[in-house]
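*Asks:* I am sharing final26.cif, which consists of mmCIF, C-alpha atoms:
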```cif
data_protein
#
loop_
_atom_site.group_PDB
_atom_site.id
_atom_site.type_symbol
_atom_site.label_atom_id
_atom_site.label_comp_id
_atom_site.auth_asym_id
_atom_site.auth_seq_id
_atom_site.Cartn_x
_atom_site.Cartn_y
_atom_site.Cartn_z
ATOM 1 C CA MET A 1 0.000 0.000 0.000
ATOM 2 C CA ILE A 2 1.262 3.460 -0.926
ATOM 3 C CA PHE A 3 -0.457 6.191 1.069
ATOM 4 C CA ALA A 4 -1.079 9.723 -0.185
ATOM 5 C CA ASN A 5 -1.800 10.986 3.330
ATOM 6 C CA THR A 6 1.429 12.477 4.634
ATOM 7 C CA ASN A 7 0.903 11.506 8.272
ATOM 8 C CA LEU A 8 0.166 7.888 7.349
ATOM 9 C CA ALA A 9 3.074 7.604 4.949
ATOM 10 C CA THR A 10 5.515 9.186 7.393
ATOM 11 C CA ALA A 11 4.407 7.108 10.408
ATOM 12 C CA ILE A 12 4.701 3.875 8.437
ATOM 13 C CA ARG A 13 8.127 4.884 7.158
ATOM 14 C CA MET A 14 9.180 5.582 10.754
ATOM 15 C CA LEU A 15 8.014 2.097 11.755
ATOM 16 C CA ARG A 16 10.010 0.499 8.969
ATOM 17 C CA GLU A 17 13.137 2.510 9.766
ATOM 18 C CA SER A 18 12.859 2.219 13.555
ATOM 19 C CA GLY A 19 15.410 -0.572 13.923
ATOM 20 C CA ASP A 20 12.985 -2.402 16.206
ATOM 21 C CA PRO A 21 12.007 -5.787 14.688
ATOM 22 C CA VAL A 22 8.416 -5.617 15.958
ATOM 23 C CA GLN A 23 7.806 -2.085 14.725
ATOM 24 C CA GLN A 24 9.531 -2.853 11.440
ATOM 25 C CA ALA A 25 7.207 -5.832 10.966
ATOM 26 C CA HIS A 26 4.179 -3.617 11.560
ATOM 27 C CA GLY A 27 5.390 -1.110 8.975
ATOM 28 C CA ASP A 28 6.334 -3.773 6.443
ATOM 29 C CA ASN A 29 2.852 -5.268 6.655
ATOM 30 C CA PHE A 30 1.339 -2.003 5.457
ATOM 31 C CA ALA A 31 3.950 -1.665 2.718
ATOM 32 C CA PHE A 32 3.617 -5.274 1.500
ATOM 33 C CA GLU A 33 -0.206 -5.370 1.470
ATOM 34 C CA GLU A 34 -1.649 -5.959 -2.038
ATOM 35 C CA ARG A 35 -5.298 -6.902 -1.439
ATOM 36 C CA VAL A 36 -6.756 -3.664 -0.069
ATOM 37 C CA GLY A 37 -8.699 -2.068 -2.925
ATOM 38 C CA GLN A 38 -8.727 1.617 -3.814
ATOM 39 C CA ALA A 39 -12.108 2.336 -2.227
ATOM 40 C CA ARG A 40 -11.201 0.723 1.086
ATOM 41 C CA GLN A 41 -7.816 2.431 1.197
ATOM 42 C CA ALA A 42 -9.419 5.782 0.417
ATOM 43 C CA GLY A 43 -11.891 5.352 3.270
ATOM 44 C CA TYR A 44 -9.052 4.455 5.628
ATOM 45 C CA GLU A 45 -6.973 7.473 4.596
ATOM 46 C CA GLU A 46 -9.793 9.990 4.525
ATOM 47 C CA GLY A 47 -11.586 8.956 7.690
ATOM 48 C CA PHE A 48 -8.953 7.405 9.931
ATOM 49 C CA ALA A 49 -5.561 8.920 9.177
ATOM 50 C CA PRO A 50 -3.524 9.782 12.311
ATOM 51 C CA VAL A 51 -3.614 13.384 13.524
ATOM 52 C CA SER A 52 0.178 13.493 13.274
ATOM 53 C CA ALA A 53 3.010 11.389 11.926
ATOM 54 C CA ASP A 54 3.642 10.012 15.418
ATOM 55 C CA ILE A 55 3.613 6.210 15.671
ATOM 56 C CA GLU A 56 1.328 6.252 18.712
ATOM 57 C CA ASP A 57 -1.173 8.349 16.789
ATOM 58 C CA LEU A 58 -1.054 5.798 13.976
ATOM 59 C CA ILE A 59 -1.818 2.995 16.435
ATOM 60 C CA ASP A 60 -4.727 4.988 17.880
ATOM 61 C CA SER A 61 -6.182 5.865 14.479
ATOM 62 C CA HIS A 62 -5.852 2.265 13.287
ATOM 63 C CA MET A 63 -7.783 1.063 16.344
ATOM 64 C CA SER A 64 -10.452 3.686 15.675
ATOM 65 C CA TYR A 65 -10.839 2.294 12.168
ATOM 66 C CA LEU A 66 -11.135 -1.272 13.454
ATOM 67 C CA GLU A 67 -13.709 -0.337 16.072
ATOM 68 C CA GLY A 68 -15.728 1.693 13.568
ATOM 69 C CA ARG A 69 -15.595 -0.518 10.487
ATOM 70 C CA VAL A 70 -14.359 -4.004 11.390
ATOM 71 C CA TYR A 71 -15.090 -4.775 15.065
ATOM 72 C CA VAL A 72 -18.658 -3.607 14.675
ATOM 73 C CA GLY A 73 -20.418 -6.015 17.021
ATOM 74 C CA LYS A 74 -22.735 -8.961 16.511
ATOM 75 C CA ASP A 75 -25.950 -6.960 16.930
ATOM 76 C CA ARG A 76 -25.343 -4.559 14.046
ATOM 77 C CA ASP A 77 -27.527 -4.985 10.976
ATOM 78 C CA VAL A 78 -24.536 -4.745 8.647
ATOM 79 C CA ALA A 79 -21.475 -6.940 8.399
ATOM 80 C CA PRO A 80 -17.933 -5.610 8.941
ATOM 81 C CA ASP A 81 -16.182 -3.945 5.990
ATOM 82 C CA THR A 82 -14.184 -7.179 5.745
ATOM 83 C CA PHE A 83 -17.244 -8.905 4.273
ATOM 84 C CA GLN A 84 -18.668 -6.046 2.223
ATOM 85 C CA ASP A 85 -18.218 -4.990 -1.412
ATOM 86 C CA ILE A 86 -15.635 -2.427 -0.328
ATOM 87 C CA ASN A 87 -13.327 -5.369 0.369
ATOM 88 C CA ALA A 88 -14.033 -7.166 -2.926
ATOM 89 C CA ASP A 89 -10.308 -7.430 -3.737
ATOM 90 C CA ALA A 90 -9.865 -9.777 -0.763
ATOM 91 C CA ALA A 91 -13.202 -11.594 -1.036
ATOM 92 C CA LEU A 92 -13.490 -15.378 -0.965
ATOM 93 C CA PRO A 93 -14.439 -17.282 -2.935
ATOM 94 C CA SER A 94 -13.093 -15.252 -5.845
ATOM 95 C CA ALA A 95 -12.702 -15.840 -9.538
ATOM 96 C CA VAL A 96 -8.981 -16.255 -8.981
ATOM 97 C CA GLY A 97 -8.858 -18.281 -5.795
ATOM 98 C CA SER A 98 -9.761 -21.885 -5.108
ATOM 99 C CA PRO A 99 -13.483 -22.542 -4.572
ATOM 100 C CA LEU A 100 -14.692 -23.069 -1.037
ATOM 101 C CA GLY A 101 -16.649 -26.286 -0.626
ATOM 102 C CA GLU A 102 -19.538 -25.830 1.792
ATOM 103 C CA GLU A 103 -18.809 -29.194 3.382
ATOM 104 C CA GLN A 104 -15.234 -28.224 4.254
ATOM 105 C CA TRP A 105 -14.419 -28.086 7.952
ATOM 106 C CA LEU A 106 -12.940 -24.957 9.476
ATOM 107 C CA VAL A 107 -10.996 -25.013 12.735
ATOM 108 C CA ARG A 108 -10.156 -22.273 15.186
ATOM 109 C CA VAL A 109 -8.394 -22.277 18.556
ATOM 110 C CA GLU A 110 -10.290 -20.214 21.140
ATOM 111 C CA SER A 111 -8.909 -19.083 24.467
ATOM 112 C CA LEU A 112 -11.010 -20.063 27.488
ATOM 113 C CA ASP A 113 -9.082 -17.728 29.765
ATOM 114 C CA PHE A 114 -11.811 -15.056 29.865
ATOM 115 C CA ALA A 115 -14.517 -17.582 30.678
ATOM 116 C CA MET A 116 -12.537 -19.243 33.465
ATOM 117 C CA LYS A 117 -11.341 -15.998 35.049
ATOM 118 C CA HIS A 118 -14.932 -14.757 35.220
ATOM 119 C CA GLY A 119 -16.292 -18.045 36.558
ATOM 120 C CA LEU A 120 -18.427 -18.675 33.482
ATOM 121 C CA ILE A 121 -17.212 -22.243 32.989
ATOM 122 C CA SER A 122 -15.668 -25.004 35.069
ATOM 123 C CA SER A 123 -12.401 -26.889 34.784
ATOM 124 C CA LEU A 124 -10.987 -28.436 31.620
ATOM 125 C CA ASP A 125 -11.379 -31.882 33.180
ATOM 126 C CA GLU A 126 -15.116 -31.383 33.639
ATOM 127 C CA ILE A 127 -15.511 -30.076 30.087
ATOM 128 C CA ASP A 128 -13.494 -32.980 28.719
ATOM 129 C CA ALA A 129 -15.658 -35.441 30.634
ATOM 130 C CA ALA A 130 -18.773 -33.732 29.306
ATOM 131 C CA LEU A 131 -17.503 -34.070 25.746
ATOM 132 C CA ARG A 132 -17.010 -37.817 26.239
ATOM 133 C CA VAL A 133 -20.453 -38.328 27.777
ATOM 134 C CA VAL A 134 -22.208 -36.411 25.016
ATOM 135 C CA ALA A 135 -20.284 -38.314 22.334
ATOM 136 C CA ALA A 136 -21.148 -41.680 23.919
ATOM 137 C CA ASP A 137 -24.680 -40.580 24.831
ATOM 138 C CA LYS A 138 -24.542 -42.503 28.106
ATOM 139 C CA PRO A 139 -23.843 -41.519 31.739
ATOM 140 C CA ASP A 140 -20.435 -41.622 33.348
ATOM 141 C CA GLY A 141 -20.964 -41.847 37.078
ATOM 142 C CA GLU A 142 -23.199 -38.980 38.136
ATOM 143 C CA LEU A 143 -22.717 -37.084 34.879
ATOM 144 C CA THR A 144 -25.694 -37.695 32.599
ATOM 145 C CA PRO A 145 -25.893 -36.804 28.885
ATOM 146 C CA ALA A 146 -28.283 -33.974 29.730
ATOM 147 C CA GLY A 147 -25.959 -32.661 32.437
ATOM 148 C CA ALA A 148 -22.972 -32.935 30.126
ATOM 149 C CA ALA A 149 -24.823 -31.042 27.402
ATOM 150 C CA GLY A 150 -25.476 -28.289 29.931
ATOM 151 C CA VAL A 151 -21.755 -28.034 30.703
ATOM 152 C CA LEU A 152 -20.931 -27.696 26.999
ATOM 153 C CA ASP A 153 -23.682 -25.136 26.486
ATOM 154 C CA LYS A 154 -22.056 -22.965 29.158
ATOM 155 C CA VAL A 155 -18.725 -23.167 27.347
ATOM 156 C CA VAL A 156 -20.111 -22.008 24.006
ATOM 157 C CA ALA A 157 -22.246 -19.343 25.696
ATOM 158 C CA ALA A 158 -19.098 -17.983 27.351
ATOM 159 C CA LEU A 159 -17.262 -17.944 24.024
ATOM 160 C CA ASN A 160 -20.143 -16.118 22.371
ATOM 161 C CA ILE A 161 -20.082 -13.278 24.900
ATOM 162 C CA ASN A 162 -16.305 -12.942 25.041
ATOM 163 C CA PRO A 163 -15.403 -9.274 24.357
ATOM 164 C CA HIS A 164 -13.448 -10.350 21.275
ATOM 165 C CA SER A 165 -16.079 -12.728 19.911
ATOM 166 C CA TYR A 166 -17.644 -10.210 17.542
ATOM 167 C CA ARG A 167 -14.491 -9.726 15.464
ATOM 168 C CA PRO A 168 -13.949 -11.422 12.092
ATOM 169 C CA ARG A 169 -12.546 -14.841 12.912
ATOM 170 C CA PHE A 170 -9.235 -16.118 11.635
ATOM 171 C CA ALA A 171 -9.703 -19.769 10.714
ATOM 172 C CA ALA A 172 -7.878 -22.634 8.982
ATOM 173 C CA PHE A 173 -9.047 -25.661 7.025
ATOM 174 C CA LEU A 174 -9.054 -28.879 9.017
ATOM 175 C CA ASP A 175 -7.732 -30.979 6.149
ATOM 176 C CA GLU A 176 -4.482 -28.974 6.202
ATOM 177 C CA VAL A 177 -3.842 -29.335 9.940
ATOM 178 C CA GLN A 178 -5.182 -32.836 10.591
ATOM 179 C CA ALA A 179 -1.908 -34.084 12.096
ATOM 180 C CA GLU A 180 -1.629 -31.209 14.564
ATOM 181 C CA ALA A 181 -5.328 -31.285 15.471
ATOM 182 C CA LYS A 182 -5.203 -34.984 16.304
ATOM 183 C CA ALA A 183 -1.879 -34.887 18.178
ATOM 184 C CA ALA A 184 -1.786 -35.389 21.939
ATOM 185 C CA ASP A 185 -0.069 -31.987 22.179
ATOM 186 C CA TRP A 186 -2.518 -30.360 19.770
ATOM 187 C CA ALA A 187 -2.819 -27.061 21.648
ATOM 188 C CA ASN A 188 0.899 -26.258 21.399
ATOM 189 C CA ALA A 189 1.173 -27.707 17.882
ATOM 190 C CA LEU A 190 -1.684 -25.627 16.475
ATOM 191 C CA ARG A 191 -0.540 -22.511 18.329
ATOM 192 C CA ASP A 192 2.793 -22.792 16.510
ATOM 193 C CA ARG A 193 1.500 -23.747 13.074
ATOM 194 C CA LEU A 194 -1.239 -21.113 13.007
ATOM 195 C CA GLY A 195 0.973 -18.325 14.364
ATOM 196 C CA LEU A 196 -1.175 -17.734 17.464
ATOM 197 C CA VAL A 197 1.482 -15.771 19.307
ATOM 198 C CA HIS A 198 -1.113 -14.314 21.693
ATOM 199 C CA HIS A 199 -1.780 -17.818 23.090
ATOM 200 C CA GLN A 200 0.895 -18.190 25.761
ATOM 201 C CA PRO A 201 1.068 -19.615 29.301
ATOM 202 C CA THR A 202 1.968 -17.097 31.986
ATOM 203 C CA ALA A 203 4.023 -17.242 35.151
ATOM 204 C CA GLU A 204 1.028 -15.959 37.129
ATOM 205 C CA HIS A 205 -1.727 -18.200 35.766
ATOM 206 C CA GLY A 206 0.171 -21.129 34.257
ATOM 207 C CA PRO A 207 -1.052 -23.004 31.140
ATOM 208 C CA LEU A 208 -3.566 -21.228 28.920
ATOM 209 C CA PRO A 209 -6.882 -23.164 28.611
ATOM 210 C CA VAL A 210 -8.123 -23.372 25.025
ATOM 211 C CA ALA A 211 -10.879 -24.982 23.006
ATOM 212 C CA LEU A 212 -10.636 -26.331 19.479
ATOM 213 C CA MET A 213 -13.734 -25.335 17.536
ATOM 214 C CA ARG A 214 -14.823 -27.078 14.343
ATOM 215 C CA TYR A 215 -17.624 -26.041 11.971
ATOM 216 C CA LYS A 216 -18.448 -26.112 8.278
ATOM 217 C CA VAL A 217 -18.075 -23.480 5.595
ATOM 218 C CA GLU A 218 -21.809 -23.873 4.936
ATOM 219 C CA GLU A 219 -22.675 -22.401 8.340
ATOM 220 C CA VAL A 220 -20.723 -19.229 7.614
ATOM 221 C CA VAL A 221 -22.276 -18.940 4.160
ATOM 222 C CA THR A 222 -25.746 -19.193 5.701
ATOM 223 C CA GLN A 223 -24.918 -16.482 8.240
ATOM 224 C CA ALA A 224 -23.615 -14.227 5.467
ATOM 225 C CA ARG A 225 -26.917 -14.540 3.598
ATOM 226 C CA ARG A 226 -28.855 -13.840 6.781
ATOM 227 C CA GLN A 227 -26.754 -10.786 7.627
ATOM 228 C CA GLY A 228 -26.632 -9.373 4.115
ATOM 229 C CA ALA A 229 -22.869 -9.681 3.741
ATOM 230 C CA ALA A 230 -21.440 -9.474 0.238
ATOM 231 C CA HIS A 231 -19.187 -12.459 0.884
ATOM 232 C CA PRO A 232 -18.720 -14.842 3.860
ATOM 233 C CA PHE A 233 -14.921 -15.129 3.761
ATOM 234 C CA ALA A 234 -11.932 -12.951 2.980
ATOM 235 C CA VAL A 235 -8.184 -13.159 2.739
ATOM 236 C CA PRO A 236 -6.812 -11.388 5.843
ATOM 237 C CA THR A 237 -5.342 -7.941 5.216
ATOM 238 C CA VAL A 238 -3.469 -5.425 7.322
ATOM 239 C CA LEU A 239 -6.750 -3.505 7.770
ATOM 240 C CA ASP A 240 -8.619 -6.386 9.404
ATOM 241 C CA ALA A 241 -6.896 -6.603 12.811
ATOM 242 C CA GLU A 242 -4.502 -4.872 15.150
ATOM 243 C CA MET A 243 -0.856 -4.584 14.195
ATOM 244 C CA TRP A 244 0.596 -8.057 14.697
ATOM 245 C CA GLU A 245 4.225 -8.804 13.956
ATOM 246 C CA VAL A 246 3.450 -12.461 13.192
ATOM 247 C CA PHE A 247 0.832 -11.529 10.619
ATOM 248 C CA HIS A 248 2.245 -11.293 7.106
ATOM 249 C CA PRO A 249 0.265 -10.296 3.994
ATOM 250 C CA ALA A 250 0.143 -12.809 1.172
ATOM 251 C CA PRO A 251 0.706 -11.763 -2.458
ATOM 252 C CA ARG A 252 -2.372 -11.180 -4.564
ATOM 253 C CA GLN A 253 -1.704 -14.401 -6.511
ATOM 254 C CA ALA A 254 -2.146 -16.548 -3.377
ATOM 255 C CA ASP A 255 -5.528 -18.242 -3.084
ATOM 256 C CA TYR A 256 -5.632 -17.642 0.702
ATOM 257 C CA GLY A 257 -3.635 -15.940 3.416
ATOM 258 C CA ARG A 258 -0.703 -17.915 4.817
ATOM 259 C CA THR A 259 0.151 -18.340 8.489
ATOM 260 C CA LEU A 260 3.651 -17.754 9.808
ATOM 261 C CA HIS A 261 4.814 -20.934 11.567
ATOM 262 C CA LEU A 262 6.247 -19.921 14.946
ATOM 263 C CA ALA A 263 8.642 -22.882 14.963
ATOM 264 C CA GLY A 264 9.948 -22.089 11.475
ATOM 265 C CA ASP A 265 9.272 -23.625 8.072
ATOM 266 C CA VAL A 266 12.524 -23.615 6.112
ATOM 267 C CA GLU A 267 11.246 -26.068 3.487
ATOM 268 C CA CYS A 268 8.047 -24.044 2.866
ATOM 269 C CA GLU A 269 5.928 -27.125 3.623
ATOM 270 C CA HIS A 270 3.588 -25.655 6.242
ATOM 271 C CA LYS A 271 2.239 -22.442 4.771
ATOM 272 C CA THR A 272 -1.225 -23.045 6.175
ATOM 273 C CA SER A 273 -4.171 -21.462 4.385
ATOM 274 C CA GLU A 274 -5.770 -18.751 6.493
ATOM 275 C CA VAL A 275 -9.135 -17.065 6.014
ATOM 276 C CA LEU A 276 -11.252 -14.526 7.811
ATOM 277 C CA ALA A 277 -14.722 -15.916 8.439
ATOM 278 C CA LEU A 278 -17.841 -13.938 9.259
ATOM 279 C CA ARG A 279 -18.744 -14.489 12.899
ATOM 280 C CA ILE A 280 -21.327 -17.137 13.732
ATOM 281 C CA ASP A 281 -22.723 -18.014 17.151
ATOM 282 C CA TYR A 282 -20.983 -21.127 18.413
ATOM 283 C CA LYS A 283 -23.128 -24.152 19.180
ATOM 284 C CA ARG A 284 -22.472 -27.154 21.391
ATOM 285 C CA THR A 285 -21.677 -29.236 18.302
ATOM 286 C CA HIS A 286 -18.840 -26.875 17.335
ATOM 287 C CA LEU A 287 -16.816 -27.682 20.461
ATOM 288 C CA TRP A 288 -14.413 -30.447 19.432
ATOM 289 C CA LYS A 289 -11.924 -30.679 22.291
ATOM 290 C CA VAL A 290 -10.294 -28.720 25.088
ATOM 291 C CA GLY A 291 -6.689 -28.532 26.203
ATOM 292 C CA ALA A 292 -3.985 -26.162 27.341
ATOM 293 C CA VAL A 293 -1.090 -24.266 25.794
ATOM 294 C CA THR A 294 1.804 -25.179 28.071
ATOM 295 C CA SER A 295 4.934 -24.020 26.222
ATOM 296 C CA ARG A 296 6.028 -20.503 25.343
ATOM 297 C CA ARG A 297 6.758 -19.595 21.740
ATOM 298 C CA LYS A 298 6.955 -15.852 21.274
ATOM 299 C CA PRO A 299 9.625 -14.835 18.745
ATOM 300 C CA ASP A 300 11.160 -11.425 19.187
ATOM 301 C CA GLY A 301 14.244 -9.579 18.023
ATOM 302 C CA THR A 302 16.531 -11.537 15.727
ATOM 303 C CA GLU A 303 14.322 -14.648 15.834
ATOM 304 C CA LEU A 304 11.290 -12.672 14.651
ATOM 305 C CA THR A 305 13.268 -11.085 11.825
ATOM 306 C CA GLU A 306 14.585 -14.466 10.682
ATOM 307 C CA LEU A 307 11.140 -16.076 10.772
ATOM 308 C CA ARG A 308 9.629 -13.256 8.724
ATOM 309 C CA GLN A 309 12.444 -13.340 6.177
ATOM 310 C CA GLN A 310 12.041 -17.099 5.863
ATOM 311 C CA HIS A 311 8.277 -16.712 5.462
ATOM 312 C CA LEU A 312 8.689 -13.997 2.828
ATOM 313 C CA LEU A 313 11.078 -16.141 0.787
ATOM 314 C CA CYS A 314 8.523 -18.969 0.838
ATOM 315 C CA LEU A 315 5.726 -16.649 -0.301
ATOM 316 C CA GLN A 316 7.918 -15.405 -3.142
ATOM 317 C CA TYR A 317 8.847 -18.943 -4.180
ATOM 318 C CA LEU A 318 5.397 -20.525 -3.881
ATOM 319 C CA ASN A 319 3.677 -17.717 -5.780
ATOM 320 C CA ASP A 320 6.395 -17.022 -8.363
ATOM 321 C CA ARG A 321 6.718 -13.472 -7.050
ATOM 322 C CA ASN A 322 10.360 -12.638 -6.488
ATOM 323 C CA ASP A 323 9.402 -8.959 -6.272
ATOM 324 C CA PHE A 324 6.856 -9.429 -3.470
ATOM 325 C CA GLY A 325 7.889 -7.640 -0.283
ATOM 326 C CA THR A 326 10.740 -5.727 -1.892
ATOM 327 C CA VAL A 327 9.183 -2.258 -1.739
#
```
Could you take the file, read its structure, and then write that structure out as structure tokens?
*Replies:*
Amino acid sequence: MIFANTNLATAIRMLRESGDPVQQAHGDNFAFEERVGQARQAGYEEGFAPVSADIEDLIDSHMSYLEGRVYVGKDRDVAPDTFQDINADAALPSAVGSPLGEEQWLVRVESLDFAMKHGLISSLDEIDAALRVVAADKPDGELTPAGAAGVLDKVVAALNINPHSYRPRFAAFLDEVQAEAKAADWANALRDRLGLVHHQPTAEHGPLPVALMRYKVEEVVTQARRQGAAHPFAVPTVLDAEMWEVFHPAPRQADYGRTLHLAGDVECEHKTSEVLALRIDYKRTHLWKVGAVTSRRKPDGTELTELRQQHLLCLQYLNDRNDFGTV
């Protein structure tokens, strides 16, 4: 993206020239972005440019844009800009990209930290037991199928009222991450493969409780029709979320976004397809399993720079775009 607004252009240049790997990543993401169309960029520049060229003002103005156009809340009559005609250049399915089969499974890792801290749900062990009882449809001790269903209903209800639940949802296709999803250590494995750097255990609270959600493309398509969205899915762009150093735009030739593997991917074999899906209300049947992120994986400094360079080289190679990311 090349901005005409002087404050925007200067603040992004300052990020890129800061010498700080995290800030440089944030600036590069704006510079490398190729899927934001002219109309959407114009609206961003004209309505949400920072009041000065200061980096903090850029962060504030970017958040104002997200809260006004992207994080618009589940009760609004209109869908976020992400799923409207103004974002047609990133829409899925597109004439260029691969078609989305409505029977395809999507997966998403959701933090249960909010729900547990606020006493909305019980322990992971109780939820896990409830999942087994519902699947078997027979009691286990004092836990009946009806009681187990009630436990699971509380989990999805808590996820649906989470303060972040109304945002467009980053999701992956199950068929690409089958091995990680079925592994005993699935929570750590998916955190790494999907670039979920915000999912970390802490010294104060220990392992981070998470849920693996699974639902079909068809359910998102139905919600898009109900909500009047122009399209149910989109390739993630720099204008669809806060500034994340582990997010990396994909070239316009790519059929989907591509996640940055936190453990590295030198052979370019794990560039997982990533989409933004219109929010749906979770149901009991969407809750696949629960677990905990127990290991830390938060690249910074030199490690972050190396991972991003490695990722960029893979995007160039896989999409025959040696010029991508060279601006």
*Asks:* Dump as a tab-separated table (two decimals) with C-alpha atoms, in the frame of the given file all residues having an atom at most 12 Å from (7.0, -17.7, 0.0), computed in the file's coordinates with all atoms listed in the file.
*Replies:*
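Final output, part_31.tsv:
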```
chain	number	residue	atom	x	y	z
A	248	HIS	CA	2.24	-11.29	7.11
A	249	PRO	CA	0.26	-10.30	3.99
A	250	ALA	CA	0.14	-12.81	1.17
A	251	PRO	CA	0.71	-11.76	-2.46
A	253	GLN	CA	-1.70	-14.40	-6.51
A	254	ALA	CA	-2.15	-16.55	-3.38
A	257	GLY	CA	-3.64	-15.94	3.42
A	258	ARG	CA	-0.70	-17.92	4.82
A	259	THR	CA	0.15	-18.34	8.49
A	260	LEU	CA	3.65	-17.75	9.81
A	265	ASP	CA	9.27	-23.62	8.07
A	266	VAL	CA	12.52	-23.62	6.11
A	267	GLU	CA	11.25	-26.07	3.49
A	268	CYS	CA	8.05	-24.04	2.87
A	269	GLU	CA	5.93	-27.12	3.62
A	270	HIS	CA	3.59	-25.66	6.24
A	271	LYS	CA	2.24	-22.44	4.77
A	272	THR	CA	-1.23	-23.04	6.18
A	307	LEU	CA	11.14	-16.08	10.77
A	308	ARG	CA	9.63	-13.26	8.72
A	309	GLN	CA	12.44	-13.34	6.18
A	310	GLN	CA	12.04	-17.10	5.86
A	311	HIS	CA	8.28	-16.71	5.46
A	312	LEU	CA	8.69	-14.00	2.83
A	313	LEU	CA	11.08	-16.14	0.79
A	314	CYS	CA	8.52	-18.97	0.84
A	315	LEU	CA	5.73	-16.65	-0.30
A	316	GLN	CA	7.92	-15.40	-3.14
A	317	TYR	CA	8.85	-18.94	-4.18
A	318	LEU	CA	5.40	-20.52	-3.88
A	319	ASN	CA	3.68	-17.72	-5.78
A	320	ASP	CA	6.40	-17.02	-8.36
A	321	ARG	CA	6.72	-13.47	-7.05
A	322	ASN	CA	10.36	-12.64	-6.49
A	323	ASP	CA	9.40	-8.96	-6.27
A	324	PHE	CA	6.86	-9.43	-3.47
A	325	GLY	CA	7.89	-7.64	-0.28
```
*Asks:* Mind checking which residues fall within 9 Å of Ala88 in chain A, counting all atoms listed in the file, ignoring those fewer than 6 positions away in the same chain, and posting them as a ChimeraX atom specification?
*Replies:* /A:35-37,82,94,230-231,234
*Asks:* Please determine, counting all atoms listed in the file, which residue among A:Pro145, A:Pro80, A:Gly73, A:Pro209 has the shortest atom-to-atom distance to Gly291 in chain A.
*Replies:*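 Going through A:Pro145, A:Pro80, A:Gly73, A:Pro209 one by one, the smallest distance to Gly291 in chain A is for A:Pro209.
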*Asks:* Just checking: using only C-alpha atoms, which residue out of A:Ala263, A:Ala115, A:Val156, A:Ile55 ends up closest to Met213 in chain A?
*Replies:* A:Val156
*Asks:* Give me the result of the PyMOL selection byres ((chain A and resi 195) around 7) on this file, residue by residue, as number ranges by chain.
*Replies:* A: 191-194, 196-197, 246, 259-262
*Asks:* In Å, rounded to a single decimal, give me how far CA of Arg279 in chain A is from CA of Leu124 in chain A.
*Replies:*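 CA of Leu124 in chain A sits 24.6 Å away from CA of Arg279 in chain A.
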*Asks:* If you apply the PyMOL selection byres ((chain A and resi 176-179) around 9) to this file, what residues do you get, as a PDB file with C-alpha atoms, in the coordinates of the input?
*Replies:*
```pdb
ATOM      1  CA  VAL A 107     -10.996 -25.013  12.735  1.00  0.00           C
ATOM      2  CA  ALA A 172      -7.878 -22.634   8.982  1.00  0.00           C
ATOM      3  CA  PHE A 173      -9.047 -25.661   7.025  1.00  0.00           C
ATOM      4  CA  LEU A 174      -9.054 -28.879   9.017  1.00  0.00           C
ATOM      5  CA  ASP A 175      -7.732 -30.979   6.149  1.00  0.00           C
ATOM      6  CA  GLU A 180      -1.629 -31.209  14.564  1.00  0.00           C
ATOM      7  CA  ALA A 181      -5.328 -31.285  15.471  1.00  0.00           C
ATOM      8  CA  LYS A 182      -5.203 -34.984  16.304  1.00  0.00           C
ATOM      9  CA  ALA A 183      -1.879 -34.887  18.178  1.00  0.00           C
ATOM     10  CA  TRP A 186      -2.518 -30.360  19.770  1.00  0.00           C
ATOM     11  CA  LEU A 190      -1.684 -25.627  16.475  1.00  0.00           C
ATOM     12  CA  ARG A 193       1.500 -23.747  13.074  1.00  0.00           C
ATOM     13  CA  HIS A 270       3.588 -25.655   6.242  1.00  0.00           C
ATOM     14  CA  THR A 272      -1.225 -23.045   6.175  1.00  0.00           C
ATOM     15  CA  SER A 273      -4.171 -21.462   4.385  1.00  0.00           C
TER      16      SER A 273
END
```
*Asks:* When the PyMOL selection byres ((chain A and resi 168) around 9) is applied to the file above, which residues end up in the set, as a VMD selection string?
*Replies:* chain A and resid 70 to 71 80 82 to 83 165 to 167 169 to 170 240 to 241 276 to 279
*Asks:* Between A:Asp20, A:Glu126, A:Glu218, A:Glu67, which is the closest to Glu242 in chain A once you count all atoms listed in the file?
*Replies:*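 Among A:Asp20, A:Glu126, A:Glu218, A:Glu67, it is A:Glu67 that comes nearest to Glu242 in chain A.
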*Asks:* Output, as JSON, the centre and edge lengths in Å (one decimal) of the axis-aligned box that contains all listed atoms of range 80-86 of chain A with 5 Å of margin on each side.
*Replies:*
```
{"center_x": -16.4, "center_y": -5.7, "center_z": 3.8, "size_x": 14.5, "size_y": 16.5, "size_z": 20.4}
```
